[in-house]
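Novice: Following this line is structure_22.txt, made up of compact mmCIF, C-alpha atoms and all ligand atoms:
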# COMPACT_ATOMS: atom_id res chain seq x y z
CA MET A 51 14.83 -14.27 2.55
CA ALA A 52 11.58 -12.32 3.10
CA GLU A 53 9.04 -12.58 0.29
CA SER A 54 8.47 -9.40 -1.72
CA PRO A 55 5.00 -7.87 -1.30
CA VAL A 56 2.11 -8.97 -3.50
CA VAL A 57 -0.64 -6.56 -4.52
CA VAL A 58 -4.04 -8.13 -5.27
CA ALA A 59 -6.85 -6.08 -6.89
CA ILE A 60 -10.42 -7.39 -6.52
CA ASP A 61 -13.17 -5.53 -8.37
CA GLY A 62 -16.78 -6.20 -9.26
CA PRO A 63 -20.37 -5.03 -8.81
CA SER A 64 -22.16 -4.85 -5.45
CA GLY A 65 -22.87 -8.08 -3.62
CA THR A 66 -20.51 -10.27 -5.62
CA GLY A 67 -18.51 -11.07 -2.48
CA LYS A 68 -15.57 -8.67 -2.80
CA SER A 69 -15.33 -7.69 0.89
CA SER A 70 -15.87 -11.16 2.35
CA THR A 71 -13.43 -12.73 -0.11
CA SER A 72 -10.77 -10.02 0.14
CA LYS A 73 -10.72 -10.04 3.95
CA ALA A 74 -10.43 -13.84 4.13
CA VAL A 75 -7.74 -13.99 1.43
CA ALA A 76 -5.75 -11.28 3.23
CA VAL A 77 -5.96 -13.22 6.52
CA ARG A 78 -4.95 -16.50 4.83
CA LEU A 79 -1.95 -14.94 3.06
CA GLY A 80 -0.86 -12.52 5.79
CA LEU A 81 -1.63 -9.42 3.69
CA GLY A 82 -3.21 -6.06 4.46
CA TYR A 83 -6.78 -5.33 3.38
CA LEU A 84 -8.31 -2.14 2.01
CA ASP A 85 -12.07 -1.65 1.49
CA THR A 86 -12.16 1.29 -0.93
CA GLY A 87 -15.97 1.38 -0.92
CA ALA A 88 -15.76 2.29 2.77
CA GLN A 89 -13.66 5.34 1.85
CA TYR A 90 -16.28 6.59 -0.65
CA ARG A 91 -18.97 5.87 1.94
CA ALA A 92 -17.00 7.85 4.55
CA MET A 93 -16.72 10.83 2.18
CA THR A 94 -20.48 10.59 1.52
CA TRP A 95 -21.26 10.38 5.26
CA TRP A 96 -19.23 13.56 5.82
CA MET A 97 -21.05 15.39 2.98
CA LEU A 98 -24.47 14.40 4.38
CA THR A 99 -23.48 15.23 7.96
CA ASN A 100 -22.23 18.66 6.91
CA GLY A 101 -25.29 19.58 4.86
CA ILE A 102 -23.61 19.43 1.46
CA ASP A 103 -26.07 18.80 -1.40
CA VAL A 104 -24.81 15.47 -2.76
CA ASP A 105 -26.66 16.06 -6.03
CA ASP A 106 -24.61 19.20 -6.67
CA PRO A 107 -21.25 17.99 -8.08
CA ALA A 108 -19.69 21.47 -7.76
CA ALA A 109 -20.57 21.65 -4.04
CA VAL A 110 -19.23 18.12 -3.47
CA ALA A 111 -16.04 18.93 -5.39
CA ALA A 112 -15.49 22.15 -3.39
CA ALA A 113 -15.82 20.30 -0.07
CA SER A 114 -13.98 17.12 -1.02
CA ALA A 115 -10.60 18.11 0.44
CA LYS A 116 -12.04 18.89 3.89
CA PRO A 117 -12.61 15.54 5.64
CA SER A 118 -9.66 13.55 6.91
CA ILE A 119 -10.41 9.90 6.06
CA VAL A 120 -8.21 7.25 7.68
CA SER A 121 -8.43 3.52 6.88
CA GLY A 122 -6.90 0.76 9.03
CA THR A 123 -5.73 -2.16 6.87
CA ASP A 124 -5.64 -5.07 9.36
CA PRO A 125 -8.01 -7.64 7.77
CA GLN A 126 -8.96 -8.94 11.23
CA ASN A 127 -9.99 -5.44 12.31
CA PRO A 128 -10.52 -3.06 9.36
CA THR A 129 -11.27 0.47 10.59
CA ILE A 130 -12.44 3.74 9.06
CA THR A 131 -12.52 7.16 10.70
CA VAL A 132 -13.48 10.64 9.52
CA ASP A 133 -11.82 13.50 11.40
CA GLY A 134 -11.07 10.99 14.17
CA THR A 135 -14.65 9.65 14.49
CA ASP A 136 -15.29 5.93 13.95
CA VAL A 137 -17.86 5.83 11.11
CA SER A 138 -17.81 2.08 10.43
CA ALA A 139 -21.49 1.71 11.45
CA PRO A 140 -23.15 4.85 9.97
CA ILE A 141 -21.51 4.44 6.55
CA ARG A 142 -23.51 1.20 6.07
CA GLY A 143 -26.88 2.95 6.56
CA ARG A 144 -29.51 3.38 3.86
CA GLU A 145 -28.95 7.15 3.48
CA VAL A 146 -25.26 6.78 2.69
CA THR A 147 -25.86 3.80 0.38
CA ALA A 148 -28.42 5.81 -1.62
CA ALA A 149 -26.07 8.81 -2.01
CA VAL A 150 -22.65 7.20 -2.46
CA SER A 151 -22.75 6.73 -6.26
CA ALA A 152 -23.44 10.45 -6.80
CA VAL A 153 -20.53 11.43 -4.55
CA SER A 154 -18.12 8.83 -5.97
CA ALA A 155 -18.80 10.07 -9.53
CA VAL A 156 -17.27 13.49 -8.75
CA PRO A 157 -13.72 13.60 -10.25
CA GLU A 158 -12.27 15.65 -7.32
CA VAL A 159 -13.53 13.02 -4.87
CA ARG A 160 -12.01 10.22 -6.94
CA SER A 161 -8.61 11.86 -7.31
CA ARG A 162 -8.40 12.56 -3.57
CA ILE A 163 -9.42 9.01 -2.58
CA THR A 164 -7.29 7.38 -5.29
CA GLU A 165 -4.26 9.16 -3.82
CA LEU A 166 -5.07 7.75 -0.34
CA GLN A 167 -5.48 4.26 -1.80
CA ARG A 168 -2.18 4.36 -3.66
CA SER A 169 -0.25 5.49 -0.57
CA LEU A 170 -1.83 2.78 1.61
CA ALA A 171 -0.96 0.12 -1.00
CA ALA A 172 2.60 1.40 -1.28
CA GLU A 173 3.04 1.40 2.51
CA ALA A 174 1.74 -2.17 3.10
CA PRO A 175 4.83 -4.04 4.26
CA GLY A 176 3.93 -7.58 3.16
CA GLY A 177 1.46 -6.70 0.41
CA ILE A 178 -2.25 -5.96 0.34
CA VAL A 179 -5.63 -6.98 -1.07
CA VAL A 180 -7.48 -3.89 -2.33
CA GLU A 181 -11.14 -4.24 -3.29
CA GLY A 182 -13.42 -1.86 -5.16
CA ARG A 183 -14.67 -0.94 -8.62
CA ASP A 184 -11.65 0.58 -10.41
CA ILE A 185 -8.65 -0.92 -8.64
CA GLY A 186 -7.38 -3.05 -11.53
CA THR A 187 -8.14 -0.42 -14.17
CA THR A 188 -7.13 2.87 -12.53
CA VAL A 189 -5.92 2.82 -8.94
CA LEU A 190 -3.36 0.01 -9.22
CA PRO A 191 -3.04 -0.89 -12.91
CA ASP A 192 0.24 -2.70 -12.12
CA ALA A 193 -1.30 -4.96 -9.44
CA ASP A 194 0.25 -8.43 -9.46
CA VAL A 195 -3.03 -10.36 -9.44
CA LYS A 196 -6.32 -8.91 -10.68
CA ILE A 197 -9.70 -10.55 -10.09
CA PHE A 198 -13.13 -9.42 -11.29
CA LEU A 199 -15.97 -11.04 -9.33
CA THR A 200 -19.45 -11.37 -10.83
CA ALA A 201 -22.72 -13.07 -9.81
CA SER A 202 -26.26 -13.09 -11.16
CA PRO A 203 -28.52 -10.22 -10.02
CA GLU A 204 -30.74 -12.80 -8.28
CA ALA A 205 -27.86 -14.31 -6.28
CA ARG A 206 -26.59 -10.87 -5.30
CA ALA A 207 -30.00 -9.67 -4.16
CA ALA A 208 -30.55 -12.86 -2.16
CA ARG A 209 -27.17 -12.47 -0.44
CA ARG A 210 -27.81 -8.81 0.38
CA SER A 211 -31.31 -9.55 1.73
CA ALA A 212 -29.96 -12.33 3.94
CA GLU A 213 -27.28 -9.97 5.24
CA LEU A 214 -29.80 -7.20 6.03
CA LYS A 215 -32.38 -9.48 7.64
CA GLY A 216 -33.73 -7.81 10.77
CA LYS A 217 -31.83 -4.56 10.12
CA GLU A 218 -32.90 -2.37 7.20
CA ALA A 219 -34.25 -5.28 5.15
CA ALA A 220 -36.39 -4.54 2.09
CA ASP A 221 -38.11 -7.18 -0.07
CA LEU A 222 -36.05 -9.09 -2.64
CA ALA A 223 -37.35 -7.17 -5.68
CA THR A 224 -36.59 -3.79 -4.06
CA THR A 225 -33.11 -4.97 -3.05
CA LYS A 226 -32.46 -6.20 -6.61
CA GLU A 227 -33.60 -2.87 -8.06
CA ALA A 228 -31.40 -0.88 -5.66
CA LEU A 229 -28.34 -3.00 -6.57
CA ALA A 230 -29.06 -2.56 -10.31
CA ARG A 231 -29.43 1.20 -9.88
CA ARG A 232 -26.11 1.51 -8.04
CA ASP A 233 -24.29 -0.70 -10.58
CA ALA A 234 -25.69 1.34 -13.48
CA ALA A 235 -24.53 4.59 -11.89
CA ASP A 236 -21.09 3.14 -11.04
CA SER A 237 -20.62 1.64 -14.54
CA GLY A 238 -21.96 4.69 -16.36
CA ARG A 239 -19.95 7.49 -14.72
CA LYS A 240 -17.32 9.26 -16.84
CA THR A 241 -14.42 9.08 -14.42
CA SER A 242 -13.03 5.66 -13.63
CA PRO A 243 -16.21 3.59 -13.98
CA LEU A 244 -16.76 0.09 -12.60
CA ALA A 245 -15.04 -2.11 -15.20
CA LYS A 246 -13.05 -5.30 -15.58
CA ALA A 247 -9.38 -4.72 -16.41
CA ASP A 248 -8.33 -6.49 -19.64
CA ASP A 249 -5.86 -8.61 -17.68
CA ALA A 250 -8.19 -9.48 -14.77
CA VAL A 251 -9.41 -13.05 -14.18
CA GLU A 252 -13.21 -13.11 -14.08
CA VAL A 253 -14.75 -15.38 -11.43
CA ASP A 254 -18.51 -15.95 -11.59
CA THR A 255 -19.50 -16.65 -7.98
CA THR A 256 -23.20 -17.37 -8.63
CA GLU A 257 -22.89 -21.10 -8.02
CA LEU A 258 -19.90 -20.98 -5.67
CA THR A 259 -19.88 -20.92 -1.88
CA LEU A 260 -17.81 -18.22 -0.18
CA PRO A 261 -15.10 -20.75 0.87
CA GLN A 262 -14.85 -21.89 -2.77
CA VAL A 263 -14.36 -18.30 -3.98
CA ILE A 264 -11.70 -17.70 -1.30
CA GLU A 265 -9.89 -20.90 -2.32
CA CYS A 266 -10.00 -19.86 -5.97
CA VAL A 267 -8.42 -16.46 -5.27
CA VAL A 268 -5.78 -17.93 -2.91
CA THR A 269 -4.86 -20.42 -5.67
CA LEU A 270 -4.51 -17.62 -8.24
CA VAL A 271 -2.17 -15.71 -5.91
CA GLU A 272 -0.15 -18.82 -5.14
CA GLU A 273 0.15 -19.64 -8.84
CA TRP A 274 1.40 -16.13 -9.46
CA LYS A 275 4.04 -16.60 -6.73
CA ARG A 276 5.08 -19.98 -8.17
CA ARG A 277 5.49 -18.49 -11.65
CA GLY A 278 8.28 -16.45 -10.07
CA ARG A 279 6.53 -13.14 -9.44
N1 LIG B 1 -20.15 -16.98 -2.77
C1 LIG B 1 -21.03 -16.57 -1.87
N2 LIG B 1 -22.10 -17.33 -1.57
C2 LIG B 1 -23.02 -16.92 -0.69
N3 LIG B 1 -22.98 -15.74 -0.02
C3 LIG B 1 -21.93 -14.96 -0.27
C4 LIG B 1 -20.91 -15.31 -1.20
N4 LIG B 1 -20.02 -14.31 -1.24
C5 LIG B 1 -20.45 -13.37 -0.37
N5 LIG B 1 -21.59 -13.76 0.22
C6 LIG B 1 -22.40 -12.99 1.19
O1 LIG B 1 -23.00 -11.96 0.42
C7 LIG B 1 -23.06 -10.74 1.16
C8 LIG B 1 -22.38 -9.63 0.36
O2 LIG B 1 -21.00 -9.94 0.28
P1 LIG B 1 -19.89 -8.82 0.28
O3 LIG B 1 -20.25 -7.70 1.22
O4 LIG B 1 -18.58 -9.47 0.47
O5 LIG B 1 -20.05 -8.29 -1.22
P2 LIG B 1 -19.40 -7.00 -1.89
O6 LIG B 1 -19.12 -7.38 -3.31
O7 LIG B 1 -18.25 -6.53 -1.10
O8 LIG B 1 -20.60 -5.96 -1.83
P3 LIG B 1 -20.53 -4.35 -1.85
O9 LIG B 1 -19.77 -3.95 -3.06
O10 LIG B 1 -21.96 -3.91 -1.94
O11 LIG B 1 -19.87 -3.91 -0.58
C9 LIG B 1 -22.40 -11.04 2.50
O12 LIG B 1 -23.40 -11.31 3.44
C10 LIG B 1 -21.57 -12.29 2.23
O13 LIG B 1 -21.41 -13.10 3.37
N1 LIG B 2 -13.16 1.61 -6.00
C1 LIG B 2 -14.41 2.03 -5.70
C2 LIG B 2 -15.12 1.53 -4.62
C3 LIG B 2 -16.37 2.00 -4.36
N2 LIG B 2 -16.89 2.98 -5.12
C4 LIG B 2 -18.16 3.62 -4.80
O1 LIG B 2 -18.53 3.37 -3.45
C5 LIG B 2 -19.79 2.74 -3.39
C6 LIG B 2 -19.87 1.84 -2.18
O2 LIG B 2 -19.05 0.71 -2.39
P1 LIG B 2 -19.31 -0.64 -1.54
O3 LIG B 2 -18.28 -1.58 -2.10
O4 LIG B 2 -19.10 -0.32 -0.11
O5 LIG B 2 -20.70 -1.06 -1.79
C7 LIG B 2 -19.99 2.09 -4.75
O6 LIG B 2 -21.35 1.91 -5.10
C8 LIG B 2 -19.31 3.11 -5.66
O7 LIG B 2 -20.16 4.20 -5.93
C9 LIG B 2 -16.19 3.44 -6.20
O8 LIG B 2 -16.68 4.33 -6.93
N3 LIG B 2 -14.96 2.97 -6.48
Would you mind writing the file's structure down as structure tokens?
Ligand SMILES: Nc1ncnc2c1ncn2[C@@H]1O[C@H](COP(=O)(O)OP(=O)(O)OP(=O)(O)O)[C@@H](O)[C@H]1O
Ligand SMILES: Nc1ccn([C@@H]2O[C@H](COP(=O)(O)O)[C@@H](O)[C@H]2O)c(=O)n1

Specialist:
Amino acid sequence: MAESPVVVAIDGPSGTGKSSTSKAVAVRLGLGYLDTGAQYRAMTWWMLTNGIDVDDPAAVAAASAKPSIVSGTDPQNPTITVDGTDVSAPIRGREVTAAVSAVSAVPEVRSRITELQRSLAAEAPGGIVVEGRDIGTTVLPDADVKIFLTASPEARAARRSAELKGKEAADLATTKEALARRDAADSGRKTSPLAKADDAVEVDTTELTLPQVIECVVTLVEEWKRRGR
């Protein structure tokens, strides 16, 4: 008999390893993968490209229904398009990163993107790993397994700097400050802030390698399956 789908929610601040872990867990367990940060980045890219003032919540709200954002959920090849254009590269740029917390704080943006996330999760045939900031609390409060990843600010800044080396790299202190600023904005917004769900398992990844974090999450999902779903 085919196994029923499992829905895994992975939340946490920036640079804690959500994307790397979620993708690898999805591949290991044969699940879909959804990067919800990419959807907020895609919305932000569209606002910037279309000359919308991202610091004007009313202007962002009024435009938020316009772009068509489509996410592909194959963990081996996650995709994101806006009005048919592949935006996977530009959404990672400095301009989008600096503006995304302002755009994602707008309630109309969140309700539109939350709707997309819920339909993708419901459509995933064998189950899905969804990563973000509010998946366990708001988007999928009934997720089967909920994880909240953390890591020290130093470890997160070091990881991000290593990742950006040779691209848009800034010094470690600047990177740490930028991460702290984004986390503060994401945790402090009124609508659906970054938060750990009461029933999420917190995993501090500061002293763990990426393969150890992946193993830990796979074990939690397998334990959940063994308990009889
Ligand atoms: N446990 C770990 N040890 C060392 N490096 C790690 C670990 N987990 C992730 N990394 C590395 O840290 C960087 C950031 O990881 P990742 O993009 O998965 O984090 P994230 O939580 O999704 O960040 P964001 O929310 O900003 O997208 C990547 O280069 C990744 O390879
Ligand atoms: N569930 C989520 C996911 C993301 N955001 C916002 O998007 C930004 C970018 O996320 P990354 O994971 O790609 O770094 C993030 O800083 C949040 O502002 C969100 O609000 N909810």

Novice: Mind listing the residues within 8 Å of ligand LIG 2 (chain B), all atoms listed in the file counted, as a ChimeraX atom specification?

Specialist: /A:61,63-65,68-69,85-91,142,147,150-155,160,181-185,189,232-233,235-236,242-244

Novice: All residues within 8 Å of ligand LIG 1 (chain B) are required, counting all atoms listed in the file; please report them as a PyMOL selection string.

Specialist: chain A and resi 62-72+87+181-182+199+205-206+209-210+212-213+229+255-263

Novice: Write out as a ChimeraX atom specification each polymer residue whose atoms come within 10 Å of A:Thr129, counting only C-alpha atoms; drop sequence neighbours fewer than 2 positions from it.

Specialist: /A:84-85,88,120-127,131,136-138

Novice: Atom CA of A:Ala111 and atom CA of A:Pro157, how far apart in Å?

Specialist: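 The value is 7.6 Å.
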
Novice: Do a neighbour search on A:Val75 at 8 Å with all atoms listed in the file, toss out local chain neighbours closer than 2 positions, and write the hits as a list in words.

Specialist: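 Residues near the query, excluding close chain neighbours: Thr71, Ser72, Lys73, Val77, Arg78, Leu79, Leu81, Val179, Ile264, Val267 and Val268 of chain A.
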
Novice: Give me the residues near A:Met97 as a list in words, where near means some atom within 10 Å (using only C-alpha atoms) and where sequence neighbours in that chain fewer than 2 positions away do not count.

Specialist: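 So, after excluding close chain neighbours, the residues are Arg91, Ala92, Met93, Thr94, Trp95, Thr99, Asn100, Gly101, Ile102, Asp103, Val104, Ala109, Val110, Ala113, Ser114, Lys116, Pro117, Val146, Ala149, Val150 and Val153 of chain A.
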
Novice: Could you tell me how far atom CA of A:Lys240 lies from atom CA of A:Gly186, in Å and to one decimal?

Specialist: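 Going from atom CA of A:Lys240 over to atom CA of A:Gly186 covers 16.7 Å.
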
Novice: So that I can check the surroundings of A:Ala193, please list as a list of chain:residue names every protein, DNA and RNA residue that reaches within 8 Å of it, counting only C-alpha atoms and ignoring chain neighbours fewer than 2 positions away.

Specialist: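 Within the cut-off, the hits are A:Val56, A:Val57, A:Val58, A:Ala59, A:Gly186, A:Leu190, A:Pro191, A:Val195, A:Lys196.
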
Novice: Box for stretch 53-72 of chain A: with edges along x, y and z, all listed atoms inside and 3 Å added on each side, what are the centre and edge lengths in Å to one decimal, as JSON?

Specialist:
{"center_x": -6.9, "center_y": -8.8, "center_z": -3.5, "size_x": 37.9, "size_y": 13.9, "size_z": 17.6}

Novice: If you measure from atom CA of A:Ala207 to atom CA of A:Lys226, what distance in Å do you get, rounded to one decimal?

Specialist: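 Atom-to-atom, atom CA of A:Ala207 and atom CA of A:Lys226 are spaced 4.9 Å apart.
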
Novice: With only C-alpha atoms as the basis for distance, which of A:Gly177, A:Ser118, A:Leu98, A:Leu170 is at the shortest distance from A:Glu145?

Specialist: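 Going through A:Gly177, A:Ser118, A:Leu98, A:Leu170 one by one, the smallest distance to A:Glu145 is for A:Leu98.
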
Novice: Considering only C-alpha atoms, state which residue in the set A:Ile60, A:Phe198, A:Asp133, A:Gly238 is at the smallest distance from A:Ala76.

Specialist: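 Among the listed residues, A:Ile60 lies closest to A:Ala76.
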
Novice: Need a file for stretch 252-264 of chain A from that block: N, CA, C and O atoms, written as a JSON list (two decimals), in the first residue's frame.

Specialist:
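Saved the output as selection11.json:
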[["chain", "number", "residue", "atom", "x", "y", "z"],
["A", 252, "GLU", "N", 13.15, 22.12, 18.42],
["A", 252, "GLU", "CA", 14.21, 23.09, 18.13],
["A", 252, "GLU", "C", 15.54, 22.34, 17.98],
["A", 252, "GLU", "O", 15.89, 21.51, 18.81],
["A", 253, "VAL", "N", 16.25, 22.65, 16.89],
["A", 253, "VAL", "CA", 17.57, 22.03, 16.66],
["A", 253, "VAL", "C", 18.60, 23.15, 16.52],
["A", 253, "VAL", "O", 18.53, 23.94, 15.58],
["A", 254, "ASP", "N", 19.51, 23.22, 17.48],
["A", 254, "ASP", "CA", 20.58, 24.22, 17.42],
["A", 254, "ASP", "C", 21.71, 23.65, 16.56],
["A", 254, "ASP", "O", 22.34, 22.65, 16.92],
["A", 255, "THR", "N", 21.94, 24.28, 15.41],
["A", 255, "THR", "CA", 22.89, 23.72, 14.43],
["A", 255, "THR", "C", 24.30, 24.31, 14.57],
["A", 255, "THR", "O", 25.17, 23.98, 13.76],
["A", 256, "THR", "N", 24.51, 25.15, 15.60],
["A", 256, "THR", "CA", 25.80, 25.86, 15.70],
["A", 256, "THR", "C", 26.99, 24.90, 15.61],
["A", 256, "THR", "O", 27.95, 25.17, 14.88],
["A", 257, "GLU", "N", 26.91, 23.81, 16.37],
["A", 257, "GLU", "CA", 28.05, 22.89, 16.43],
["A", 257, "GLU", "C", 27.84, 21.66, 15.56],
["A", 257, "GLU", "O", 28.58, 20.69, 15.69],
["A", 258, "LEU", "N", 26.84, 21.68, 14.71],
["A", 258, "LEU", "CA", 26.56, 20.50, 13.87],
["A", 258, "LEU", "C", 26.99, 20.74, 12.44],
["A", 258, "LEU", "O", 26.86, 21.86, 11.94],
["A", 259, "THR", "N", 27.46, 19.69, 11.78],
["A", 259, "THR", "CA", 27.73, 19.81, 10.34],
["A", 259, "THR", "C", 26.39, 19.69, 9.61],
["A", 259, "THR", "O", 25.40, 19.19, 10.18],
["A", 260, "LEU", "N", 26.38, 20.10, 8.34],
["A", 260, "LEU", "CA", 25.14, 19.98, 7.57],
["A", 260, "LEU", "C", 24.65, 18.52, 7.49],
["A", 260, "LEU", "O", 23.47, 18.26, 7.74],
["A", 261, "PRO", "N", 25.55, 17.54, 7.21],
["A", 261, "PRO", "CA", 25.06, 16.14, 7.19],
["A", 261, "PRO", "C", 24.46, 15.71, 8.53],
["A", 261, "PRO", "O", 23.48, 14.95, 8.56],
["A", 262, "GLN", "N", 24.98, 16.23, 9.64],
["A", 262, "GLN", "CA", 24.41, 15.86, 10.95],
["A", 262, "GLN", "C", 23.00, 16.44, 11.11],
["A", 262, "GLN", "O", 22.11, 15.78, 11.65],
["A", 263, "VAL", "N", 22.80, 17.68, 10.62],
["A", 263, "VAL", "CA", 21.46, 18.29, 10.74],
["A", 263, "VAL", "C", 20.47, 17.51, 9.87],
["A", 263, "VAL", "O", 19.34, 17.21, 10.28],
["A", 264, "ILE", "N", 20.92, 17.15, 8.66],
["A", 264, "ILE", "CA", 20.04, 16.39, 7.74],
["A", 264, "ILE", "C", 19.63, 15.07, 8.40],
["A", 264, "ILE", "O", 18.45, 14.70, 8.41]]
